[in-house]
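K.L.:
Just one file: protein-v9.cif, with mmCIF, C-alpha atoms.
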```cif
data_target
#
loop_
_atom_site.label_atom_id
_atom_site.label_comp_id
_atom_site.auth_asym_id
_atom_site.auth_seq_id
_atom_site.Cartn_x
_atom_site.Cartn_y
_atom_site.Cartn_z
CA ALA A 29 27.34 7.92 1.02
CA PRO A 30 25.11 6.61 -1.76
CA VAL A 31 25.16 2.85 -2.16
CA SER A 32 25.19 1.13 -5.53
CA VAL A 33 26.10 -2.25 -6.92
CA ALA A 34 26.33 -3.80 -10.37
CA ILE A 35 23.63 -6.39 -10.96
CA ASN A 36 23.50 -8.38 -14.20
CA ASN A 37 25.78 -5.82 -15.88
CA VAL A 38 23.10 -3.15 -15.52
CA THR A 39 24.17 0.42 -14.80
CA THR A 40 23.29 1.71 -11.36
CA GLN A 41 23.43 5.42 -12.15
CA PRO A 42 20.29 7.45 -11.40
CA PRO A 43 17.72 7.19 -14.21
CA ASN A 44 17.83 10.03 -16.72
CA ALA A 45 15.70 11.55 -19.48
CA SER A 46 11.91 11.40 -19.04
CA HIS A 47 11.08 7.96 -17.80
CA HIS A 48 8.72 5.93 -15.64
CA TYR A 49 10.03 3.38 -13.16
CA LEU A 50 8.46 0.89 -10.79
CA TYR A 51 10.28 0.60 -7.47
CA VAL A 52 9.64 -2.71 -5.65
CA ALA A 53 11.16 -3.32 -2.21
CA THR A 54 11.76 -6.69 -0.63
CA ALA A 55 13.62 -7.87 2.48
CA PRO A 56 13.88 -10.84 4.86
CA ASP A 57 10.54 -11.50 6.54
CA TYR A 58 8.78 -14.20 8.54
CA ASN A 59 8.07 -16.03 5.30
CA PHE A 60 10.80 -14.91 2.90
CA SER A 61 14.60 -15.20 2.90
CA THR A 62 15.74 -12.57 0.43
CA PRO A 63 18.26 -9.73 0.32
CA ALA A 64 17.02 -6.32 1.40
CA VAL A 65 16.87 -4.40 -1.87
CA ILE A 66 14.76 -2.19 -4.08
CA ASN A 67 14.43 -3.53 -7.61
CA VAL A 68 13.81 -0.84 -10.22
CA TYR A 69 11.88 -1.70 -13.39
CA ASP A 70 11.69 0.37 -16.57
CA ILE A 71 7.97 0.72 -17.26
CA ASP A 72 8.70 2.25 -20.69
CA ASN A 73 10.92 -0.65 -21.73
CA GLY A 74 8.91 -3.79 -21.10
CA HIS A 75 9.35 -3.55 -17.31
CA LYS A 76 12.97 -4.62 -17.64
CA LEU A 77 14.98 -4.71 -14.42
CA VAL A 78 17.44 -1.82 -14.73
CA LYS A 79 18.77 -1.38 -11.22
CA THR A 80 18.99 -3.10 -7.86
CA ILE A 81 19.47 -0.76 -4.89
CA PRO A 82 20.78 -2.53 -1.79
CA LEU A 83 19.22 -1.55 1.51
CA PRO A 84 20.87 -1.58 4.95
CA GLY A 85 21.24 -5.01 6.50
CA ASP A 86 18.89 -4.18 9.36
CA VAL A 87 15.95 -3.71 6.96
CA MET A 88 13.71 -6.69 7.71
CA GLY A 89 9.96 -7.17 7.88
CA ILE A 90 9.01 -4.29 5.59
CA ARG A 91 5.62 -2.77 6.41
CA GLY A 92 5.21 0.09 3.94
CA ILE A 93 6.79 2.27 1.27
CA TRP A 94 6.02 5.82 0.11
CA ALA A 95 7.81 8.76 -1.50
CA ASN A 96 7.61 12.52 -1.89
CA ILE A 97 8.86 14.89 -4.59
CA PRO A 98 9.26 18.12 -2.53
CA ASN A 99 11.48 16.19 -0.10
CA ASN A 100 13.15 14.11 -2.83
CA LYS A 101 12.90 11.12 -0.51
CA LEU A 102 11.63 7.56 -0.42
CA TYR A 103 10.53 6.10 2.92
CA ILE A 104 10.34 2.50 4.13
CA SER A 105 8.80 1.43 7.44
CA HIS A 106 10.02 -1.92 8.73
CA TYR A 107 10.27 -4.02 11.87
CA GLY A 108 14.05 -4.29 11.88
CA SER A 109 13.37 -7.98 12.53
CA THR A 110 11.81 -10.93 10.72
CA VAL A 111 9.01 -10.96 13.31
CA SER A 112 6.84 -8.30 14.89
CA ASN A 113 8.37 -7.43 18.24
CA GLY A 114 6.53 -4.27 19.19
CA ALA A 115 9.24 -2.10 17.67
CA GLY A 116 10.09 -0.73 14.27
CA LYS A 117 12.08 1.69 12.16
CA LEU A 118 11.58 4.37 9.51
CA LEU A 119 14.22 4.57 6.77
CA ALA A 120 14.56 7.62 4.50
CA LEU A 121 16.48 7.45 1.20
CA ASP A 122 17.45 10.21 -1.21
CA LEU A 123 15.56 9.57 -4.46
CA THR A 124 18.38 10.91 -6.63
CA THR A 125 21.42 9.31 -5.03
CA ASN A 126 19.77 6.34 -3.24
CA GLY A 127 21.80 7.36 -0.19
CA ILE A 128 20.53 6.95 3.36
CA VAL A 129 19.23 10.23 4.83
CA TYR A 130 18.24 8.87 8.23
CA GLU A 131 16.79 5.88 10.04
CA THR A 132 14.56 6.47 13.06
CA SER A 133 13.97 3.68 15.58
CA PHE A 134 10.77 3.16 17.54
CA SER A 135 11.74 0.97 20.48
CA MET A 136 9.51 -0.88 22.90
CA LEU A 137 7.21 1.87 24.18
CA ALA A 138 4.27 1.67 26.57
CA GLY A 139 1.61 -0.40 24.86
CA GLN A 140 3.99 -2.17 22.47
CA SER A 141 3.96 0.41 19.68
CA GLY A 142 5.63 -0.43 16.39
CA VAL A 143 5.19 0.61 12.73
CA ASP A 144 3.03 -0.16 9.72
CA ARG A 145 1.95 1.41 6.38
CA GLY A 146 2.25 5.18 6.65
CA CYS A 147 1.90 8.09 4.25
CA ILE A 148 3.30 11.59 3.74
CA LEU A 149 1.41 14.81 3.09
CA PRO A 150 1.89 15.99 -0.52
CA ASN A 151 3.77 19.10 0.58
CA GLY A 152 6.27 16.87 2.37
CA SER A 153 5.72 18.42 5.78
CA ARG A 154 4.68 15.41 7.88
CA ILE A 155 4.50 11.64 7.86
CA TYR A 156 1.65 9.81 9.59
CA LEU A 157 2.92 6.42 10.69
CA PRO A 158 0.68 3.82 12.38
CA THR A 159 1.97 2.00 15.43
CA GLY A 160 1.20 -1.46 14.08
CA GLU A 161 -1.61 -3.89 13.39
CA GLU A 162 -0.38 -6.39 15.97
CA ASN A 163 -0.04 -3.87 18.78
CA SER A 164 -2.41 -2.56 21.44
CA THR A 165 -1.59 1.09 20.74
CA ASN A 166 -4.33 3.14 19.10
CA TYR A 167 -2.39 6.05 17.63
CA TRP A 168 -0.43 7.26 14.62
CA TYR A 169 2.92 9.01 14.99
CA SER A 170 3.11 12.53 13.55
CA ILE A 171 6.66 12.75 12.20
CA ASN A 172 8.77 15.56 10.79
CA SER A 173 9.59 13.99 7.43
CA LEU A 174 12.90 15.88 7.06
CA THR A 175 14.37 14.72 10.36
CA GLY A 176 12.43 11.58 11.28
CA PHE A 177 11.54 12.98 14.72
CA GLU A 178 7.99 12.52 15.98
CA ASP A 179 5.97 14.91 18.10
CA PRO A 180 4.04 13.00 20.82
CA THR A 181 1.66 15.95 21.23
CA LYS A 182 0.47 15.57 17.62
CA ARG A 183 -0.33 11.87 17.63
CA VAL A 184 -3.69 10.93 16.12
CA HIS A 185 -5.77 8.32 17.96
CA HIS A 186 -8.34 5.88 16.61
CA TRP A 187 -8.64 2.17 17.52
CA PRO A 188 -5.98 -0.36 18.63
CA GLY A 189 -4.03 -2.14 15.91
CA ALA A 190 -3.19 1.02 13.91
CA HIS A 191 -2.64 -0.22 10.38
CA ASN A 192 -3.11 1.25 6.87
CA THR A 193 -2.85 4.99 6.18
CA ILE A 194 -3.67 7.09 3.09
CA CYS A 195 -2.91 10.81 2.67
CA SER A 196 -5.28 12.51 0.23
CA LEU A 197 -3.71 14.02 -2.87
CA ASP A 198 -4.90 17.51 -1.90
CA GLY A 199 -3.29 17.21 1.54
CA SER A 200 -6.52 17.87 3.42
CA THR A 201 -7.24 14.46 4.94
CA VAL A 202 -5.44 11.43 6.32
CA PHE A 203 -7.47 8.21 6.25
CA MET A 204 -6.54 5.79 9.05
CA ALA A 205 -7.73 2.22 9.52
CA SER A 206 -7.14 -0.07 12.49
CA ILE A 207 -7.38 -3.81 12.92
CA ASP A 208 -9.08 -5.19 16.00
CA TYR A 209 -6.15 -5.91 18.31
CA ILE A 210 -6.83 -9.18 20.10
CA GLY A 211 -6.71 -7.59 23.54
CA ALA A 212 -9.01 -4.68 22.73
CA PRO A 213 -12.14 -4.54 24.93
CA SER A 214 -14.31 -3.04 22.18
CA TYR A 215 -13.98 -2.07 18.55
CA GLU A 216 -15.92 -0.48 15.73
CA TYR A 217 -15.11 -1.21 12.10
CA THR A 218 -14.55 2.38 11.05
CA ILE A 219 -11.99 4.49 9.21
CA ASN A 220 -10.77 7.66 10.86
CA ALA A 221 -10.73 10.70 8.54
CA PHE A 222 -8.31 13.17 10.14
CA GLN A 223 -8.66 16.75 8.88
CA ILE A 224 -5.28 18.49 8.67
CA ALA A 225 -6.63 22.07 8.78
CA THR A 226 -8.65 21.63 11.98
CA GLY A 227 -6.89 18.72 13.66
CA THR A 228 -10.24 17.00 14.10
CA SER A 229 -11.59 13.65 12.95
CA THR A 230 -14.74 12.16 11.51
CA THR A 231 -15.46 8.45 11.09
CA ILE A 232 -16.40 6.46 7.99
CA GLY A 233 -18.41 3.29 8.54
CA SER A 234 -19.15 1.13 10.44
CA PHE A 235 -18.29 -1.65 7.99
CA SER A 236 -19.51 -5.22 8.42
CA GLY A 237 -16.15 -6.77 9.32
CA ARG A 238 -12.54 -6.16 10.24
CA ILE A 239 -10.99 -3.65 7.84
CA ARG A 240 -8.03 -4.86 5.82
CA PRO A 241 -6.55 -3.03 2.78
CA PHE A 242 -8.59 -0.09 1.53
CA THR A 243 -8.36 2.65 -1.09
CA VAL A 244 -9.99 6.02 -1.72
CA ASP A 245 -11.42 8.19 -4.47
CA THR A 246 -11.48 11.63 -2.91
CA GLN A 247 -12.53 13.30 -6.18
CA ARG A 248 -15.82 11.41 -6.17
CA GLY A 249 -15.89 10.94 -2.41
CA PHE A 250 -15.72 7.17 -1.81
CA VAL A 251 -13.80 4.63 0.25
CA PHE A 252 -13.44 1.01 -0.90
CA VAL A 253 -12.63 -1.56 1.79
CA ASN A 254 -11.53 -5.19 1.94
CA LEU A 255 -12.87 -7.20 4.87
CA GLU A 256 -11.59 -10.21 6.75
CA ASP A 257 -13.17 -13.57 5.81
CA PHE A 258 -14.69 -12.09 2.66
CA VAL A 259 -13.90 -12.07 -1.07
CA GLY A 260 -15.05 -8.68 -2.29
CA PHE A 261 -15.39 -5.21 -0.78
CA GLU A 262 -17.67 -2.54 0.67
CA VAL A 263 -18.16 1.09 -0.41
CA ALA A 264 -18.73 4.08 1.86
CA GLN A 265 -19.26 7.78 1.19
CA ILE A 266 -16.64 10.06 2.69
CA SER A 267 -18.91 13.08 3.24
CA THR A 268 -21.62 11.22 5.18
CA GLY A 269 -19.51 8.39 6.58
CA LYS A 270 -22.25 5.92 5.58
CA VAL A 271 -21.75 2.56 3.89
CA LEU A 272 -23.49 2.73 0.51
CA TYR A 273 -22.92 -0.81 -0.75
CA SER A 274 -22.27 -3.65 1.68
CA ARG A 275 -20.77 -7.10 1.00
CA VAL A 276 -20.14 -6.68 -2.74
CA GLN A 277 -18.90 -10.04 -3.97
CA PRO A 278 -18.31 -11.83 -7.30
CA PRO A 279 -21.50 -13.33 -8.77
CA GLY A 280 -22.27 -16.86 -7.60
CA TYR A 281 -19.32 -16.89 -5.24
CA ALA A 282 -19.35 -19.21 -2.21
CA GLU A 283 -17.70 -17.25 0.58
CA PRO A 284 -15.14 -18.97 2.82
CA ALA A 285 -16.03 -20.01 6.35
CA PRO A 286 -14.88 -17.45 8.94
CA ASN A 287 -11.39 -18.35 10.17
CA ASN A 288 -9.69 -14.97 10.60
CA ALA A 289 -8.21 -15.24 7.11
CA VAL A 290 -8.00 -12.53 4.47
CA PRO A 291 -8.70 -13.97 1.00
CA SER A 292 -9.11 -10.46 -0.42
CA HIS A 293 -5.96 -8.74 0.80
CA GLY A 294 -5.65 -6.22 -2.02
CA ILE A 295 -7.80 -3.52 -3.57
CA ALA A 296 -6.97 -0.76 -6.05
CA LEU A 297 -8.78 1.74 -8.22
CA THR A 298 -7.78 2.57 -11.74
CA PRO A 299 -6.48 6.17 -11.55
CA ASP A 300 -9.62 7.44 -13.31
CA GLY A 301 -11.74 5.87 -10.56
CA ASN A 302 -13.85 3.87 -13.01
CA GLU A 303 -12.81 0.36 -11.96
CA VAL A 304 -11.98 -1.32 -8.69
CA TRP A 305 -9.68 -4.35 -8.72
CA VAL A 306 -9.88 -6.87 -5.85
CA SER A 307 -7.54 -9.78 -5.17
CA ASP A 308 -8.76 -13.32 -4.52
CA ALA A 309 -6.34 -15.73 -2.84
CA ILE A 310 -8.84 -18.63 -3.04
CA LYS A 311 -9.29 -18.67 -6.81
CA ASN A 312 -5.90 -16.98 -7.30
CA GLY A 313 -6.66 -13.93 -9.37
CA ILE A 314 -8.16 -10.47 -9.62
CA HIS A 315 -11.86 -9.55 -9.79
CA ILE A 316 -12.85 -6.30 -11.52
CA TRP A 317 -15.95 -4.15 -11.04
CA ASP A 318 -17.15 -1.05 -12.87
CA VAL A 319 -17.77 1.67 -10.26
CA SER A 320 -18.09 4.62 -12.63
CA ASN A 321 -21.78 5.18 -11.86
CA LEU A 322 -21.57 5.40 -8.08
CA PRO A 323 -23.48 6.35 -6.02
CA SER A 324 -26.65 6.09 -8.13
CA GLN A 325 -25.83 2.62 -9.43
CA PRO A 326 -24.12 -0.24 -7.59
CA PRO A 327 -20.76 -1.70 -8.65
CA THR A 328 -21.12 -3.82 -11.79
CA TYR A 329 -19.05 -6.99 -12.08
CA LYS A 330 -16.88 -7.17 -15.20
CA THR A 331 -14.34 -10.00 -15.23
CA PHE A 332 -11.79 -12.19 -13.48
CA ILE A 333 -8.07 -12.40 -14.31
CA PRO A 334 -6.24 -15.56 -13.11
CA THR A 335 -2.79 -14.97 -11.63
CA ALA A 336 -0.01 -16.95 -10.00
CA TRP A 337 -0.13 -17.60 -6.29
CA GLY A 338 2.26 -17.80 -3.37
CA PRO A 339 2.08 -19.20 0.15
CA VAL A 340 1.77 -16.54 2.85
CA PRO A 341 0.58 -17.37 6.38
CA ASN A 342 -3.03 -16.35 7.14
CA TYR A 343 -3.58 -14.78 3.72
CA GLY A 344 -2.39 -15.76 0.29
CA GLN A 345 -1.10 -14.20 -2.86
CA PRO A 346 -2.11 -12.46 -4.99
CA GLY A 347 -2.52 -9.86 -2.28
CA TRP A 348 -1.59 -6.22 -2.58
CA ILE A 349 -2.26 -4.49 -5.94
CA LEU A 350 -0.11 -1.65 -7.30
CA THR A 351 -1.01 0.62 -10.20
CA SER A 352 0.94 2.80 -12.60
CA ILE A 353 0.30 6.53 -12.31
CA ASP A 354 -1.19 6.76 -15.81
CA GLY A 355 -3.43 3.75 -15.18
CA LYS A 356 -2.05 1.68 -18.03
CA TYR A 357 -0.86 -1.16 -15.83
CA MET A 358 -1.82 -2.99 -12.65
CA TYR A 359 0.59 -5.15 -10.66
CA PRO A 360 -0.79 -7.78 -8.25
CA GLU A 361 1.50 -9.00 -5.50
CA THR A 362 2.48 -11.95 -7.68
CA MET A 363 3.86 -9.17 -9.93
CA GLU A 364 2.27 -9.93 -13.25
CA VAL A 365 2.00 -6.88 -15.48
CA ILE A 366 -1.67 -6.47 -16.42
CA ASP A 367 -2.92 -4.18 -19.17
CA THR A 368 -5.93 -2.31 -17.76
CA GLN A 369 -7.55 -1.74 -21.15
CA THR A 370 -7.53 -5.35 -22.32
CA HIS A 371 -7.53 -6.96 -18.86
CA THR A 372 -4.76 -9.29 -20.04
CA ILE A 373 -1.39 -10.23 -18.58
CA VAL A 374 1.34 -8.72 -20.75
CA GLY A 375 4.42 -9.40 -18.65
CA GLN A 376 6.00 -10.56 -15.40
CA LEU A 377 8.49 -8.88 -13.10
CA TYR A 378 11.65 -10.82 -12.27
CA ASP A 379 14.06 -10.20 -9.42
CA GLN A 380 17.85 -9.77 -9.64
CA PHE A 381 18.28 -13.54 -9.64
CA GLY A 382 15.90 -14.12 -12.53
CA ASN A 383 13.07 -15.41 -10.35
CA PRO A 384 9.46 -14.20 -10.62
CA MET A 385 9.11 -11.27 -8.23
CA HIS A 386 6.79 -11.50 -5.24
CA SER A 387 6.38 -8.34 -3.19
CA ARG A 388 3.68 -6.11 -1.73
CA TYR A 389 5.80 -3.01 -1.29
CA GLY A 390 6.20 -0.80 -4.32
CA LEU A 391 5.26 2.37 -6.16
CA GLU A 392 6.05 4.28 -9.34
CA VAL A 393 8.79 6.92 -9.41
CA ASP A 394 9.14 9.08 -12.54
CA PHE A 395 12.20 11.05 -13.61
CA ALA A 396 12.54 14.03 -15.97
CA ASN A 397 16.07 14.74 -17.14
CA GLY A 398 17.50 12.74 -14.25
CA ILE A 399 15.43 14.52 -11.58
CA PRO A 400 12.53 12.84 -9.73
CA SER A 401 9.35 14.45 -11.06
CA SER A 402 6.39 12.47 -9.71
CA VAL A 403 5.59 9.49 -7.50
CA GLY A 404 2.72 7.06 -7.21
CA ASP A 405 1.46 5.36 -4.08
CA GLN A 406 1.14 1.93 -2.47
CA PHE A 407 -2.65 2.00 -2.14
CA GLY A 408 -4.04 2.24 -5.70
CA ILE A 409 -5.94 5.46 -5.09
CA ALA A 410 -7.91 7.37 -7.75
CA ARG A 411 -5.90 10.26 -9.16
CA GLN A 412 -8.18 11.92 -11.72
#
```
Go through the file and emit its structure as structure tokens.

P.N.:
Amino acid sequence: APVSVAINNVTTQPPNASHHYLYVATAPDYNFSTPAVINVYDIDNGHKLVKTIPLPGDVMGIRGIWANIPNNKLYISHYGSTVSNGAGKLLALDLTTNGIVYETSFSMLAGQSGVDRGCILPNGSRIYLPTGEENSTNYWYSINSLTGFEDPTKRVHHWPGAHNTICSLDGSTVFMASIDYIGAPSYEYTINAFQIATGTSTTIGSFSGRIRPFTVDTQRGFVFVNLEDFVGFEVAQISTGKVLYSRVQPPGYAEPAPNNAVPSHGIALTPDGNEVWVSDAIKNGIHIWDVSNLPSQPPTYKTFIPTAWGPVPNYGQPGWILTSIDGKYMYPETMEVIDTQTHTIVGQLYDQFGNPMHSRYGLEVDFANGIPSSVGDQFGIARQ
């Protein structure tokens, strides 16, 4: 049955009329003690908290969140534990009722497979779910999104430490990035571009370091990648697989000494593809580049926006960056609301207890006359 609670005297009925909402999930983790919930913010009304959706008690260690309109479902991958234990779960919720549709468990399999940030094809047919950045497995599950069952014969292989995953908006390609698992004998810093129609793959890269968060502009044909031990990004062309611009960093920036840290653990494009936003957990803020003239001209540095910060082991906040579908707002992991036209902070998200919200798992869900009509994504991809 659907679950709902009253929080701060706010109605918990499904949103109605034509409206835009930001869904932000949080749960107990290795660094946070917090209830497992989805907080829903009204983008059209000053990002006011309008609903808190409780999640099952076993939701811990969230790894990713995505949604799909044809299926009318929202999906959350999580460890089911506050630590990575080589396992994981996939939770599916009904977007209209918030009720649980199913929860699939991935137990200790050969090679310690788990879960991480997955994605769903736009037609809702399949989910591609990585087996985890901390695991020695090198494949992505291919999952029936309606039932949660995976087909072992359709797994997609790349490198160990299967991590971030982006499904293109046209449903043609799934972009898959691994992290060098500590026990791997060899590794190339590449992104796997899996072609749905043919079931074959091409590679993008090699990049100059371990790949962390990345985003794509499939309209213009580019991939933008964060690297370990580096503040900035690299740009590669999808069609050729070649890196066009390597080690793009803020002007005059002294890079940190290599220590397996991730000071830039967030990257997002404005939906029009004209700007790329990159997090900086050393200076605590967001760097912005103009990338509208690629590939003929290199990225052009524009500005820096200071943000709050938060302690996270190995990498800091601000980390992940979310974007509204229309491109009006950006949301760093420290959950400031940033106006993309003025590059100024215009608000702050607060949780159900009135505390500033810190989360890296969210996306926009829009409703028209009470029915889910469109969804954003967790990766800040270009949409126009």

K.L.:
Given the file shown, determine the residues that the PyMOL selection byres ((chain A and resi 365) around 10) selects; report them as a compact mmCIF listing (two decimals) with C-alpha atoms, in the coordinates of the input.

P.N.:
```txt
# COMPACT_ATOMS: atom_id res chain seq x y z
CA ILE A 71 7.97 0.72 -17.26
CA GLY A 74 8.91 -3.79 -21.10
CA HIS A 75 9.35 -3.55 -17.31
CA LEU A 350 -0.11 -1.65 -7.30
CA THR A 351 -1.01 0.62 -10.20
CA LYS A 356 -2.05 1.68 -18.03
CA TYR A 357 -0.86 -1.16 -15.83
CA MET A 358 -1.82 -2.99 -12.65
CA TYR A 359 0.59 -5.15 -10.66
CA PRO A 360 -0.79 -7.78 -8.25
CA THR A 362 2.48 -11.95 -7.68
CA MET A 363 3.86 -9.17 -9.93
CA GLU A 364 2.27 -9.93 -13.25
CA ILE A 366 -1.67 -6.47 -16.42
CA ASP A 367 -2.92 -4.18 -19.17
CA THR A 368 -5.93 -2.31 -17.76
CA THR A 372 -4.76 -9.29 -20.04
CA ILE A 373 -1.39 -10.23 -18.58
CA VAL A 374 1.34 -8.72 -20.75
CA GLY A 375 4.42 -9.40 -18.65
CA GLN A 376 6.00 -10.56 -15.40
CA LEU A 377 8.49 -8.88 -13.10
```

K.L.:
Which residues are near segment 270-273 of chain A? Cut-off 7 Å, all atoms listed in the file, ignore same chain within fewer than 5 positions. Put them as a VMD selection string.

P.N.:
chain A and resid 232 to 233 235 262 to 265 326

K.L.:
Written as a list in words, which residues does the PyMOL selection byres ((chain A and resi 396) around 8) give for the file shown?

P.N.:
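The output of the PyMOL selection byres ((chain A and resi 396) around 8) on this file is Asn44, Ala45, Ser46, His47, Asp394, Phe395, Asn397, Gly398, Ile399, Pro400 and Ser401 of chain A.
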
K.L.:
Which value, in Å to one decimal, gives the distance between atom CA of Ala190 of chain A and atom CA of Glu131 of chain A?

P.N.:
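Distance reported for this atom pair: 20.9 Å.
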
K.L.:
Would you mind reading off the distance between atom CA of Gln223 of chain A and atom CA of Ala95 of chain A, one decimal, in Å?

P.N.:
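Distance reported for this atom pair: 21.0 Å.
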
K.L.:
Written as an NGL selection string, which residues does the PyMOL selection byres ((chain A and resi 284) around 12) give for the file shown?

P.N.:
:A and (256-260 or 277 or 281-283 or 285-292 or 308-311)

K.L.:
When you count only C-alpha atoms, which of these residues is closest to Ser112 of chain A: A:Val87, A:Val129, A:Val143, A:Val253?

P.N.:
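When distances to Ser112 of chain A are compared using only C-alpha atoms, the smallest one comes from A:Val143.
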
K.L.:
Could you work out how far atom CA of Pro82 of chain A lies from atom CA of Tyr378 of chain A, giving the answer in Å with one decimal?

P.N.:
16.2 Å

K.L.:
May I have the protein, DNA and RNA residues with an atom at most 9 Å from (5.3, -10.0, -2.3), counting all atoms listed in the file in the file's coordinates, returned as a PyMOL selection string?

P.N.:
chain A and resi 53-54+338+345-348+360-363+385-389

K.L.:
Pick from A:Gly382, A:Pro150, A:Gly160, A:Pro84: nearest to Asp198 of chain A, with all atoms listed in the file counted?

P.N.:
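Of the candidates, the smallest distance to Asp198 of chain A is held by A:Pro150.
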